[in-house]
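The block underneath contains the structure these notes are about, expressed in structure tokens.
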Amino acid sequence: MENSKSIGVFDSGYGGLTVFKSIIKELPDYNYIYLGDNARAPYGDHPFEIVYQYTLECVEWLFAQGCSLVILACNTASAKALRSIQQKVLPVKYPNHRVLGVIRPTAEVIGNYTTSQTIGVLGTRGTVNSQSYPIEIAKFFPGVKVVQQSCPMLVPLIENNEHLTLGADHFVKKYLNELITQAPELDCILLACTHYPLLIPKFLAFLPDGIQLIAQGEIVASSLHKYLLNHPEIEGKLGRNVAPKFYTSGDATVFNSRASLFFEEDVASVQIKALD
Ligand code: DGL
């Protein structure tokens with residue numbers, strides 16, 4: 001199978017492309033397949049069961065293409081579906097497959113970015129309500145305080161190409177203020193949604209001095225690199241030197257025109273059969 005031995009990269013839509021770009025930069029030789037579930041995005045406000053069902057369907061689709069390793073390049077899916085897939089599905093149905101998320105690798109290092117020992121986290125409602133970041137960060141940096149703010153308007157603004165408008169200014173300022181008010185001493189804000197890097201210019205315009213903004217792409221890429229070095233049994237199965245392939249559950253023409261904003265290169269995708 002031409003796609004076999006690829007690393008699968010999944011997101012609800014376009015956001016995972018910001019992580020995928022960093023992964024390809026760090027690990028350019030492997031074969032990759034990206035899947036965006038654009039037909040059913042955004043996932044951020046969906047209940048646990050729906051995010052789990054959609055994510056599992058997409059992971060199984062990537063497995064069927066020959067991916068034995070899949071990265072959930074989506075915080076919402078990582079928060080709501082990863083653990084169940086790892087603990088309940090893989091051991092029973094796919095013992096030789098692996099699925100990794102973006103929350104743990106981020107939690108492992110994020111405490112190194114704060115001097116005031118206080119971190120702000122911006123994410124979707126699903127990610128924030130899951131409490132995944134405070135729980136995971138406490139395992140690696142027990143002395144660090146974590147405050148969170150959900151930003152339900154940001155993914156829809158980004159998915160609809162409205163993120164550089166004056167309307168977006170209002171929401172970026174509002175969410176930043178609501179976050180910083182909870183802990184004015186915070187000196188580090190994590191963009192815990194893979195869509196948000198597109199808003200970095202807006203965040204920087206309204207960010208008070210002395211607060212660092214952290215995106216996840218490079219963190220996740222470097223963690224994947226270490227994982228492959230530590231797991232030769234997984235790494236040894238991966239193929240090399242086939243150009244990345246892009247698939248969407250939505251309209252491929254729309255995906256191609258929007259995806260280049262996130263991936264910073266032209267993208268030619270193929271629409272897959274509806275997943276539901
Ligand atoms: N990119 C996804 C994340 O990191 C966002 C998702 C969505 O609401 O679909 O959470």
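Labels for the structure tokens follow display order: chains A, B, ..., residues from 1 in each chain, ligands from 1.
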Check which residues fall inside 9 Å of ligand 1 when counting only C-alpha atoms and all ligand atoms, and print them as a PDB file with N, CA, C and O atoms, in the first residue's frame.
ATOM      1  N   ASP A  11      -6.286  16.211  13.083  1.00  0.00           N
ATOM      2  CA  ASP A  11      -6.926  17.329  13.800  1.00  0.00           C
ATOM      3  C   ASP A  11      -8.383  17.390  13.362  1.00  0.00           C
ATOM      4  O   ASP A  11      -8.749  16.877  12.306  1.00  0.00           O
ATOM      5  N   SER A  12      -9.189  18.084  14.157  1.00  0.00           N
ATOM      6  CA  SER A  12     -10.579  18.297  13.772  1.00  0.00           C
ATOM      7  C   SER A  12     -10.654  19.062  12.446  1.00  0.00           C
ATOM      8  O   SER A  12     -11.633  18.931  11.723  1.00  0.00           O
ATOM      9  N   GLY A  13      -9.662  19.863  12.152  1.00  0.00           N
ATOM     10  CA  GLY A  13      -9.725  20.668  10.925  1.00  0.00           C
ATOM     11  C   GLY A  13      -8.335  21.073  10.485  1.00  0.00           C
ATOM     12  O   GLY A  13      -7.491  20.225  10.199  1.00  0.00           O
ATOM     13  N   TYR A  14      -8.115  22.393  10.473  1.00  0.00           N
ATOM     14  CA  TYR A  14      -6.848  22.914   9.956  1.00  0.00           C
ATOM     15  C   TYR A  14      -5.761  23.069  11.024  1.00  0.00           C
ATOM     16  O   TYR A  14      -4.585  23.155  10.698  1.00  0.00           O
ATOM     17  N   GLY A  15      -6.164  23.199  12.288  1.00  0.00           N
ATOM     18  CA  GLY A  15      -5.206  23.601  13.324  1.00  0.00           C
ATOM     19  C   GLY A  15      -3.991  22.693  13.428  1.00  0.00           C
ATOM     20  O   GLY A  15      -2.870  23.158  13.628  1.00  0.00           O
ATOM     21  N   GLY A  16      -4.211  21.390  13.261  1.00  0.00           N
ATOM     22  CA  GLY A  16      -3.101  20.448  13.392  1.00  0.00           C
ATOM     23  C   GLY A  16      -2.002  20.701  12.384  1.00  0.00           C
ATOM     24  O   GLY A  16      -0.864  20.242  12.564  1.00  0.00           O
ATOM     25  N   LEU A  17      -2.329  21.440  11.332  1.00  0.00           N
ATOM     26  CA  LEU A  17      -1.291  21.746  10.333  1.00  0.00           C
ATOM     27  C   LEU A  17      -0.184  22.608  10.937  1.00  0.00           C
ATOM     28  O   LEU A  17       0.957  22.563  10.468  1.00  0.00           O
ATOM     29  N   ASP A  37     -10.738  16.550   9.994  1.00  0.00           N
ATOM     30  CA  ASP A  37     -12.164  16.180   9.956  1.00  0.00           C
ATOM     31  C   ASP A  37     -13.001  17.448   9.776  1.00  0.00           C
ATOM     32  O   ASP A  37     -13.909  17.731  10.558  1.00  0.00           O
ATOM     33  N   ASN A  38     -12.704  18.173   8.719  1.00  0.00           N
ATOM     34  CA  ASN A  38     -13.317  19.488   8.523  1.00  0.00           C
ATOM     35  C   ASN A  38     -14.838  19.442   8.427  1.00  0.00           C
ATOM     36  O   ASN A  38     -15.512  20.392   8.809  1.00  0.00           O
ATOM     37  N   ARG A  40     -16.804  17.936  10.221  1.00  0.00           N
ATOM     38  CA  ARG A  40     -17.454  17.884  11.542  1.00  0.00           C
ATOM     39  C   ARG A  40     -16.810  18.840  12.550  1.00  0.00           C
ATOM     40  O   ARG A  40     -17.137  18.802  13.736  1.00  0.00           O
ATOM     41  N   ALA A  41     -15.865  19.679  12.065  1.00  0.00           N
ATOM     42  CA  ALA A  41     -15.212  20.650  12.958  1.00  0.00           C
ATOM     43  C   ALA A  41     -16.141  21.858  13.141  1.00  0.00           C
ATOM     44  O   ALA A  41     -16.974  22.137  12.265  1.00  0.00           O
ATOM     45  N   PRO A  42     -15.983  22.635  14.242  1.00  0.00           N
ATOM     46  CA  PRO A  42     -15.041  22.402  15.331  1.00  0.00           C
ATOM     47  C   PRO A  42     -15.548  21.369  16.334  1.00  0.00           C
ATOM     48  O   PRO A  42     -16.748  21.137  16.458  1.00  0.00           O
ATOM     49  N   TYR A  43     -14.604  20.775  17.062  1.00  0.00           N
ATOM     50  CA  TYR A  43     -14.928  19.777  18.085  1.00  0.00           C
ATOM     51  C   TYR A  43     -15.098  20.420  19.472  1.00  0.00           C
ATOM     52  O   TYR A  43     -15.602  19.779  20.391  1.00  0.00           O
ATOM     53  N   GLY A  44     -14.610  21.660  19.627  1.00  0.00           N
ATOM     54  CA  GLY A  44     -14.401  22.261  20.956  1.00  0.00           C
ATOM     55  C   GLY A  44     -15.575  22.257  21.909  1.00  0.00           C
ATOM     56  O   GLY A  44     -15.397  22.156  23.114  1.00  0.00           O
ATOM     57  N   ASP A  45     -16.812  22.363  21.386  1.00  0.00           N
ATOM     58  CA  ASP A  45     -17.978  22.431  22.269  1.00  0.00           C
ATOM     59  C   ASP A  45     -18.731  21.109  22.337  1.00  0.00           C
ATOM     60  O   ASP A  45     -19.769  21.014  22.994  1.00  0.00           O
ATOM     61  N   HIS A  46     -18.247  20.083  21.638  1.00  0.00           N
ATOM     62  CA  HIS A  46     -18.958  18.800  21.640  1.00  0.00           C
ATOM     63  C   HIS A  46     -18.728  18.049  22.960  1.00  0.00           C
ATOM     64  O   HIS A  46     -17.664  18.147  23.562  1.00  0.00           O
ATOM     65  N   LEU A  72      -2.374  12.850  17.646  1.00  0.00           N
ATOM     66  CA  LEU A  72      -3.567  13.701  17.726  1.00  0.00           C
ATOM     67  C   LEU A  72      -3.063  15.135  17.884  1.00  0.00           C
ATOM     68  O   LEU A  72      -2.715  15.548  18.992  1.00  0.00           O
ATOM     69  N   ALA A  73      -2.992  15.862  16.774  1.00  0.00           N
ATOM     70  CA  ALA A  73      -2.464  17.233  16.804  1.00  0.00           C
ATOM     71  C   ALA A  73      -3.591  18.196  17.143  1.00  0.00           C
ATOM     72  O   ALA A  73      -3.759  19.244  16.503  1.00  0.00           O
ATOM     73  N   CYS A  74      -4.362  17.834  18.130  1.00  0.00           N
ATOM     74  CA  CYS A  74      -5.574  18.560  18.534  1.00  0.00           C
ATOM     75  C   CYS A  74      -5.695  18.409  20.042  1.00  0.00           C
ATOM     76  O   CYS A  74      -5.731  17.282  20.558  1.00  0.00           O
ATOM     77  N   ASN A  75      -5.738  19.529  20.748  1.00  0.00           N
ATOM     78  CA  ASN A  75      -5.843  19.469  22.209  1.00  0.00           C
ATOM     79  C   ASN A  75      -7.187  18.909  22.653  1.00  0.00           C
ATOM     80  O   ASN A  75      -7.267  18.167  23.625  1.00  0.00           O
ATOM     81  N   THR A  76      -8.242  19.290  21.936  1.00  0.00           N
ATOM     82  CA  THR A  76      -9.577  18.847  22.335  1.00  0.00           C
ATOM     83  C   THR A  76      -9.674  17.327  22.235  1.00  0.00           C
ATOM     84  O   THR A  76     -10.150  16.654  23.153  1.00  0.00           O
ATOM     85  N   ALA A  77      -9.183  16.767  21.136  1.00  0.00           N
ATOM     86  CA  ALA A  77      -9.196  15.311  20.966  1.00  0.00           C
ATOM     87  C   ALA A  77      -8.240  14.653  21.957  1.00  0.00           C
ATOM     88  O   ALA A  77      -8.539  13.594  22.513  1.00  0.00           O
ATOM     89  N   SER A  78      -7.090  15.277  22.196  1.00  0.00           N
ATOM     90  CA  SER A  78      -6.143  14.718  23.164  1.00  0.00           C
ATOM     91  C   SER A  78      -6.767  14.701  24.562  1.00  0.00           C
ATOM     92  O   SER A  78      -6.594  13.746  25.323  1.00  0.00           O
ATOM     93  N   ALA A  79      -7.502  15.777  24.902  1.00  0.00           N
ATOM     94  CA  ALA A  79      -8.099  15.870  26.243  1.00  0.00           C
ATOM     95  C   ALA A  79      -9.249  14.893  26.406  1.00  0.00           C
ATOM     96  O   ALA A  79      -9.445  14.329  27.478  1.00  0.00           O
ATOM     97  N   VAL A 102      -0.984  15.792  22.319  1.00  0.00           N
ATOM     98  CA  VAL A 102      -0.163  17.002  22.431  1.00  0.00           C
ATOM     99  C   VAL A 102      -0.113  17.569  23.851  1.00  0.00           C
ATOM    100  O   VAL A 102       0.668  18.476  24.125  1.00  0.00           O
ATOM    101  N   GLY A 123      -7.594  27.753  25.665  1.00  0.00           N
ATOM    102  CA  GLY A 123      -7.976  26.588  24.865  1.00  0.00           C
ATOM    103  C   GLY A 123      -9.463  26.590  24.574  1.00  0.00           C
ATOM    104  O   GLY A 123     -10.188  27.533  24.921  1.00  0.00           O
ATOM    105  N   THR A 124      -9.916  25.518  23.946  1.00  0.00           N
ATOM    106  CA  THR A 124     -11.357  25.390  23.690  1.00  0.00           C
ATOM    107  C   THR A 124     -12.067  25.049  25.005  1.00  0.00           C
ATOM    108  O   THR A 124     -11.424  24.684  25.992  1.00  0.00           O
ATOM    109  N   ARG A 125     -13.399  25.139  24.983  1.00  0.00           N
ATOM    110  CA  ARG A 125     -14.150  24.759  26.197  1.00  0.00           C
ATOM    111  C   ARG A 125     -13.857  23.321  26.581  1.00  0.00           C
ATOM    112  O   ARG A 125     -13.701  22.987  27.749  1.00  0.00           O
ATOM    113  N   GLY A 126     -13.777  22.451  25.569  1.00  0.00           N
ATOM    114  CA  GLY A 126     -13.533  21.027  25.833  1.00  0.00           C
ATOM    115  C   GLY A 126     -12.218  20.818  26.553  1.00  0.00           C
ATOM    116  O   GLY A 126     -12.139  20.076  27.535  1.00  0.00           O
ATOM    117  N   THR A 127     -11.165  21.473  26.056  1.00  0.00           N
ATOM    118  CA  THR A 127      -9.843  21.310  26.666  1.00  0.00           C
ATOM    119  C   THR A 127      -9.828  21.883  28.077  1.00  0.00           C
ATOM    120  O   THR A 127      -9.353  21.244  29.022  1.00  0.00           O
ATOM    121  N   PRO A 152     -14.232  30.214  23.263  1.00  0.00           N
ATOM    122  CA  PRO A 152     -15.084  29.510  22.296  1.00  0.00           C
ATOM    123  C   PRO A 152     -15.225  30.194  20.947  1.00  0.00           C
ATOM    124  O   PRO A 152     -15.581  29.535  19.964  1.00  0.00           O
ATOM    125  N   LEU A 154     -12.766  31.626  19.187  1.00  0.00           N
ATOM    126  CA  LEU A 154     -11.548  31.742  18.361  1.00  0.00           C
ATOM    127  C   LEU A 154     -11.471  30.722  17.232  1.00  0.00           C
ATOM    128  O   LEU A 154     -11.124  31.077  16.105  1.00  0.00           O
ATOM    129  N   VAL A 155     -11.783  29.454  17.500  1.00  0.00           N
ATOM    130  CA  VAL A 155     -11.702  28.458  16.406  1.00  0.00           C
ATOM    131  C   VAL A 155     -12.693  28.800  15.287  1.00  0.00           C
ATOM    132  O   VAL A 155     -12.300  28.817  14.105  1.00  0.00           O
ATOM    133  N   PRO A 156     -13.962  29.117  15.605  1.00  0.00           N
ATOM    134  CA  PRO A 156     -14.866  29.510  14.509  1.00  0.00           C
ATOM    135  C   PRO A 156     -14.346  30.721  13.719  1.00  0.00           C
ATOM    136  O   PRO A 156     -14.447  30.753  12.483  1.00  0.00           O
ATOM    137  N   LEU A 191      -0.693  28.610  24.275  1.00  0.00           N
ATOM    138  CA  LEU A 191      -1.777  28.519  23.289  1.00  0.00           C
ATOM    139  C   LEU A 191      -2.121  27.033  23.162  1.00  0.00           C
ATOM    140  O   LEU A 191      -1.518  26.305  22.371  1.00  0.00           O
ATOM    141  N   ALA A 192      -3.096  26.580  23.966  1.00  0.00           N
ATOM    142  CA  ALA A 192      -3.395  25.150  24.067  1.00  0.00           C
ATOM    143  C   ALA A 192      -4.488  24.750  23.084  1.00  0.00           C
ATOM    144  O   ALA A 192      -5.398  23.988  23.412  1.00  0.00           O
ATOM    145  N   CYS A 193      -4.376  25.287  21.908  1.00  0.00           N
ATOM    146  CA  CYS A 193      -5.251  24.903  20.802  1.00  0.00           C
ATOM    147  C   CYS A 193      -4.419  25.086  19.550  1.00  0.00           C
ATOM    148  O   CYS A 193      -3.797  26.144  19.366  1.00  0.00           O
ATOM    149  N   THR A 194      -4.388  24.052  18.711  1.00  0.00           N
ATOM    150  CA  THR A 194      -3.466  24.104  17.580  1.00  0.00           C
ATOM    151  C   THR A 194      -3.916  25.089  16.496  1.00  0.00           C
ATOM    152  O   THR A 194      -3.168  25.351  15.561  1.00  0.00           O
ATOM    153  N   HIS A 195      -5.123  25.621  16.623  1.00  0.00           N
ATOM    154  CA  HIS A 195      -5.551  26.690  15.702  1.00  0.00           C
ATOM    155  C   HIS A 195      -4.940  28.048  16.067  1.00  0.00           C
ATOM    156  O   HIS A 195      -4.781  28.912  15.211  1.00  0.00           O
ATOM    157  N   TYR A 196      -4.690  28.272  17.348  1.00  0.00           N
ATOM    158  CA  TYR A 196      -4.387  29.621  17.817  1.00  0.00           C
ATOM    159  C   TYR A 196      -3.100  30.260  17.276  1.00  0.00           C
ATOM    160  O   TYR A 196      -3.007  31.495  17.283  1.00  0.00           O
TER     161      TYR A 196
END
Range 97-248 of chain A: residues DSSP assigns to helix (DSSP H, G or I), reported as a PyMOL selection string: chain A and resi 103-113+125-130+132-140+154-159+166-182+196-206+217-230+232-235
Could you save those same residues with C-alpha atoms as a JSON list (two decimals), in the first residue's frame?
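Listed below is the output, again-v7.json:
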[["chain", "number", "residue", "atom", "x", "y", "z"],
["A", 103, "ILE", "CA", -1.01, 17.64, 26.09],
["A", 104, "ARG", "CA", 1.53, 15.46, 27.87],
["A", 105, "PRO", "CA", 4.57, 16.60, 25.81],
["A", 106, "THR", "CA", 3.54, 20.19, 26.46],
["A", 107, "ALA", "CA", 2.99, 19.63, 30.18],
["A", 108, "GLU", "CA", 6.43, 18.03, 30.45],
["A", 109, "VAL", "CA", 8.22, 21.27, 29.51],
["A", 110, "ILE", "CA", 5.87, 24.20, 29.99],
["A", 111, "GLY", "CA", 6.96, 24.82, 33.59],
["A", 112, "ASN", "CA", 10.43, 25.69, 32.32],
["A", 113, "TYR", "CA", 9.06, 28.84, 30.71],
["A", 125, "ARG", "CA", -14.15, 24.76, 26.20],
["A", 126, "GLY", "CA", -13.53, 21.03, 25.83],
["A", 127, "THR", "CA", -9.84, 21.31, 26.67],
["A", 128, "VAL", "CA", -10.32, 23.75, 29.56],
["A", 129, "ASN", "CA", -13.27, 21.91, 31.13],
["A", 130, "SER", "CA", -11.39, 18.60, 30.98],
["A", 132, "SER", "CA", -6.19, 18.10, 31.50],
["A", 133, "TYR", "CA", -3.56, 20.85, 31.63],
["A", 134, "PRO", "CA", -3.72, 21.61, 35.38],
["A", 135, "ILE", "CA", -3.67, 17.85, 36.09],
["A", 136, "GLU", "CA", -0.79, 17.02, 33.74],
["A", 137, "ILE", "CA", 1.32, 20.11, 34.57],
["A", 138, "ALA", "CA", 1.01, 19.30, 38.31],
["A", 139, "LYS", "CA", 2.67, 15.92, 37.64],
["A", 140, "PHE", "CA", 5.82, 17.55, 36.24],
["A", 154, "LEU", "CA", -11.55, 31.74, 18.36],
["A", 155, "VAL", "CA", -11.70, 28.46, 16.41],
["A", 156, "PRO", "CA", -14.87, 29.51, 14.51],
["A", 157, "LEU", "CA", -13.22, 32.88, 13.67],
["A", 158, "ILE", "CA", -10.08, 31.10, 12.41],
["A", 159, "GLU", "CA", -11.95, 28.36, 10.51],
["A", 166, "LEU", "CA", -11.47, 43.94, 14.02],
["A", 167, "GLY", "CA", -14.06, 41.47, 15.33],
["A", 168, "ALA", "CA", -11.24, 39.14, 16.28],
["A", 169, "ASP", "CA", -9.53, 41.98, 18.21],
["A", 170, "HIS", "CA", -12.50, 42.17, 20.56],
["A", 171, "PHE", "CA", -12.37, 38.48, 21.47],
["A", 172, "VAL", "CA", -8.58, 38.26, 21.75],
["A", 173, "LYS", "CA", -8.55, 41.24, 24.17],
["A", 174, "LYS", "CA", -11.50, 39.85, 26.14],
["A", 175, "TYR", "CA", -10.01, 36.37, 26.58],
["A", 176, "LEU", "CA", -6.55, 37.71, 27.45],
["A", 177, "ASN", "CA", -8.04, 40.06, 30.05],
["A", 178, "GLU", "CA", -10.18, 37.30, 31.54],
["A", 179, "LEU", "CA", -7.11, 35.05, 31.81],
["A", 180, "ILE", "CA", -4.70, 37.63, 33.23],
["A", 181, "THR", "CA", -7.27, 38.90, 35.76],
["A", 182, "GLN", "CA", -7.28, 35.41, 37.34],
["A", 196, "TYR", "CA", -4.39, 29.62, 17.82],
["A", 197, "PRO", "CA", -0.91, 30.17, 16.28],
["A", 198, "LEU", "CA", -2.73, 31.94, 13.44],
["A", 199, "LEU", "CA", -3.72, 34.58, 15.99],
["A", 200, "ILE", "CA", -0.19, 35.18, 17.29],
["A", 201, "PRO", "CA", 0.04, 38.66, 15.68],
["A", 202, "LYS", "CA", -3.23, 39.63, 17.42],
["A", 203, "PHE", "CA", -2.18, 38.16, 20.77],
["A", 204, "LEU", "CA", 1.16, 39.95, 20.60],
["A", 205, "ALA", "CA", -0.57, 43.24, 19.84],
["A", 206, "PHE", "CA", -2.57, 43.06, 23.08],
["A", 217, "GLY", "CA", 4.41, 22.99, 17.37],
["A", 218, "GLU", "CA", 8.11, 22.81, 18.22],
["A", 219, "ILE", "CA", 7.46, 21.24, 21.63],
["A", 220, "VAL", "CA", 5.41, 18.41, 20.10],
["A", 221, "ALA", "CA", 7.90, 17.89, 17.25],
["A", 222, "SER", "CA", 10.85, 17.64, 19.61],
["A", 223, "SER", "CA", 8.94, 15.23, 21.87],
["A", 224, "LEU", "CA", 8.06, 13.02, 18.88],
["A", 225, "HIS", "CA", 11.73, 13.00, 17.88],
["A", 226, "LYS", "CA", 12.70, 11.76, 21.35],
["A", 227, "TYR", "CA", 9.88, 9.20, 21.32],
["A", 228, "LEU", "CA", 11.13, 7.71, 18.04],
["A", 229, "LEU", "CA", 14.69, 7.55, 19.35],
["A", 230, "ASN", "CA", 13.44, 5.73, 22.46],
["A", 232, "PRO", "CA", 13.11, 1.62, 17.80],
["A", 233, "GLU", "CA", 10.36, -1.02, 17.52],
["A", 234, "ILE", "CA", 7.98, 1.74, 16.31],
["A", 235, "GLU", "CA", 10.54, 3.82, 14.42]]
Could you pull out all residues of range 56-270 of chain A with a DSSP call of strand (DSSP E or B) and give them as a VMD selection string? chain A and resid 69 to 72 98 to 100 118 to 123 145 to 150 188 to 191 212 to 214 240 245 to 248 269 to 270
Next, dump the selected residues to file, keeping only N, CA, C and O atoms, as a compact mmCIF listing (two decimals), in the first residue's frame.
# COMPACT_ATOMS: atom_id res chain seq x y z
N LEU A 69 1.46 4.64 13.71
CA LEU A 69 1.63 5.68 14.74
C LEU A 69 0.81 6.89 14.32
O LEU A 69 0.94 7.37 13.18
N VAL A 70 -0.05 7.37 15.22
CA VAL A 70 -0.90 8.53 14.92
C VAL A 70 -0.71 9.58 16.00
O VAL A 70 -0.71 9.26 17.20
N ILE A 71 -0.54 10.81 15.57
CA ILE A 71 -0.43 11.94 16.51
C ILE A 71 -1.75 12.70 16.48
O ILE A 71 -2.18 13.15 15.40
N LEU A 72 -2.37 12.85 17.65
CA LEU A 72 -3.57 13.70 17.73
C LEU A 72 -3.06 15.13 17.88
O LEU A 72 -2.72 15.55 18.99
N ARG A 98 0.23 2.79 17.90
CA ARG A 98 0.39 3.78 18.96
C ARG A 98 -0.33 5.07 18.57
O ARG A 98 -0.31 5.47 17.40
N VAL A 99 -0.93 5.72 19.58
CA VAL A 99 -1.56 7.04 19.38
C VAL A 99 -1.01 7.96 20.46
O VAL A 99 -1.04 7.63 21.65
N LEU A 100 -0.49 9.10 20.05
CA LEU A 100 0.09 10.07 20.99
C LEU A 100 -0.67 11.39 20.87
O LEU A 100 -1.20 11.71 19.79
N THR A 118 3.73 30.75 37.45
CA THR A 118 2.30 30.85 37.13
C THR A 118 2.13 30.86 35.62
O THR A 118 2.75 31.66 34.92
N ILE A 119 1.29 29.96 35.15
CA ILE A 119 1.08 29.79 33.70
C ILE A 119 -0.40 30.01 33.39
O ILE A 119 -1.28 29.52 34.10
N GLY A 120 -0.66 30.70 32.29
CA GLY A 120 -2.03 30.83 31.78
C GLY A 120 -2.21 29.89 30.60
O GLY A 120 -1.30 29.71 29.80
N VAL A 121 -3.38 29.28 30.51
CA VAL A 121 -3.67 28.35 29.41
C VAL A 121 -4.92 28.85 28.69
O VAL A 121 -5.96 29.08 29.31
N LEU A 122 -4.82 29.01 27.37
CA LEU A 122 -5.98 29.36 26.55
C LEU A 122 -6.33 28.16 25.69
O LEU A 122 -5.45 27.58 25.04
N GLY A 123 -7.59 27.75 25.67
CA GLY A 123 -7.98 26.59 24.87
C GLY A 123 -9.46 26.59 24.57
O GLY A 123 -10.19 27.53 24.92
N LYS A 145 1.42 27.23 39.44
CA LYS A 145 -0.02 27.52 39.44
C LYS A 145 -0.49 27.63 37.98
O LYS A 145 0.19 28.26 37.16
N VAL A 146 -1.65 27.05 37.68
CA VAL A 146 -2.18 27.10 36.30
C VAL A 146 -3.56 27.74 36.33
O VAL A 146 -4.44 27.29 37.07
N VAL A 147 -3.74 28.80 35.54
CA VAL A 147 -5.08 29.36 35.38
C VAL A 147 -5.48 29.18 33.91
O VAL A 147 -4.62 29.14 33.03
N GLN A 148 -6.77 29.02 33.66
CA GLN A 148 -7.22 28.70 32.31
C GLN A 148 -8.35 29.63 31.87
O GLN A 148 -9.13 30.11 32.69
N GLN A 149 -8.46 29.81 30.57
CA GLN A 149 -9.58 30.56 30.00
C GLN A 149 -10.01 29.88 28.71
O GLN A 149 -9.19 29.65 27.82
N SER A 150 -11.29 29.54 28.62
CA SER A 150 -11.77 28.98 27.35
C SER A 150 -12.11 30.12 26.39
O SER A 150 -12.51 31.21 26.81
N CYS A 188 3.60 33.64 31.45
CA CYS A 188 3.70 32.70 30.35
C CYS A 188 2.29 32.25 29.98
O CYS A 188 1.53 31.86 30.86
N ILE A 189 1.95 32.37 28.70
CA ILE A 189 0.62 31.93 28.25
C ILE A 189 0.79 30.85 27.20
O ILE A 189 1.46 31.05 26.18
N LEU A 190 0.19 29.69 27.46
CA LEU A 190 0.24 28.58 26.51
C LEU A 190 -0.97 28.65 25.57
O LEU A 190 -2.11 28.72 26.03
N LEU A 191 -0.69 28.61 24.27
CA LEU A 191 -1.78 28.52 23.29
C LEU A 191 -2.12 27.03 23.16
O LEU A 191 -1.52 26.31 22.37
N GLN A 212 5.24 35.89 28.10
CA GLN A 212 5.66 35.12 26.92
C GLN A 212 4.49 34.31 26.38
O GLN A 212 3.73 33.76 27.16
N LEU A 213 4.43 34.20 25.07
CA LEU A 213 3.39 33.39 24.43
C LEU A 213 4.04 32.11 23.91
O LEU A 213 5.05 32.18 23.22
N ILE A 214 3.47 30.96 24.25
CA ILE A 214 4.08 29.68 23.84
C ILE A 214 3.11 28.91 22.95
O ILE A 214 1.98 28.62 23.35
N ARG A 240 10.05 5.96 4.52
CA ARG A 240 10.71 7.25 4.30
C ARG A 240 10.57 7.72 2.86
O ARG A 240 10.38 6.91 1.96
N LYS A 245 0.91 13.39 2.45
CA LYS A 245 -0.41 13.35 1.80
C LYS A 245 -1.43 14.00 2.74
O LYS A 245 -1.32 13.87 3.96
N PHE A 246 -2.38 14.68 2.14
CA PHE A 246 -3.38 15.43 2.92
C PHE A 246 -4.77 14.93 2.56
O PHE A 246 -5.11 14.84 1.38
N TYR A 247 -5.57 14.66 3.59
CA TYR A 247 -6.95 14.22 3.37
C TYR A 247 -7.86 15.06 4.26
O TYR A 247 -7.47 15.48 5.35
N THR A 248 -9.08 15.27 3.77
CA THR A 248 -10.07 16.01 4.55
C THR A 248 -11.43 15.32 4.40
O THR A 248 -11.71 14.75 3.34
N SER A 269 -5.15 18.38 -1.30
CA SER A 269 -5.78 17.33 -0.48
C SER A 269 -6.76 16.49 -1.30
O SER A 269 -7.15 16.86 -2.41
N VAL A 270 -7.18 15.39 -0.72
CA VAL A 270 -8.18 14.50 -1.30
C VAL A 270 -9.30 14.39 -0.29
O VAL A 270 -9.04 14.25 0.91
Let me make sure I understand: among A:Asp209, A:Asp251, A:Glu57, A:Glu185, which one has the smallest atom-to-atom distance to Ala268 in chain A if we use only C-alpha atoms?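 Once distances to Ala268 in chain A are computed over only C-alpha atoms, the minimum belongs to A:Asp251.
Using only C-alpha atoms, the shortest contact distance between Asn96 in chain A and any of A:Ser116, A:Ser68, A:Ser22, A:Gln216 is found at A:Ser68.
Nearest to Ala243 in chain A of all the residues A:Leu261, A:Ile7, A:Val92, A:Cys151 is A:Ile7, based on only C-alpha atoms.
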Can you measure CA of Ala81 in chain A to CA of Leu35 in chain A for me? One decimal in Å is fine.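 Separation of CA of Ala81 in chain A and CA of Leu35 in chain A: 16.2 Å.
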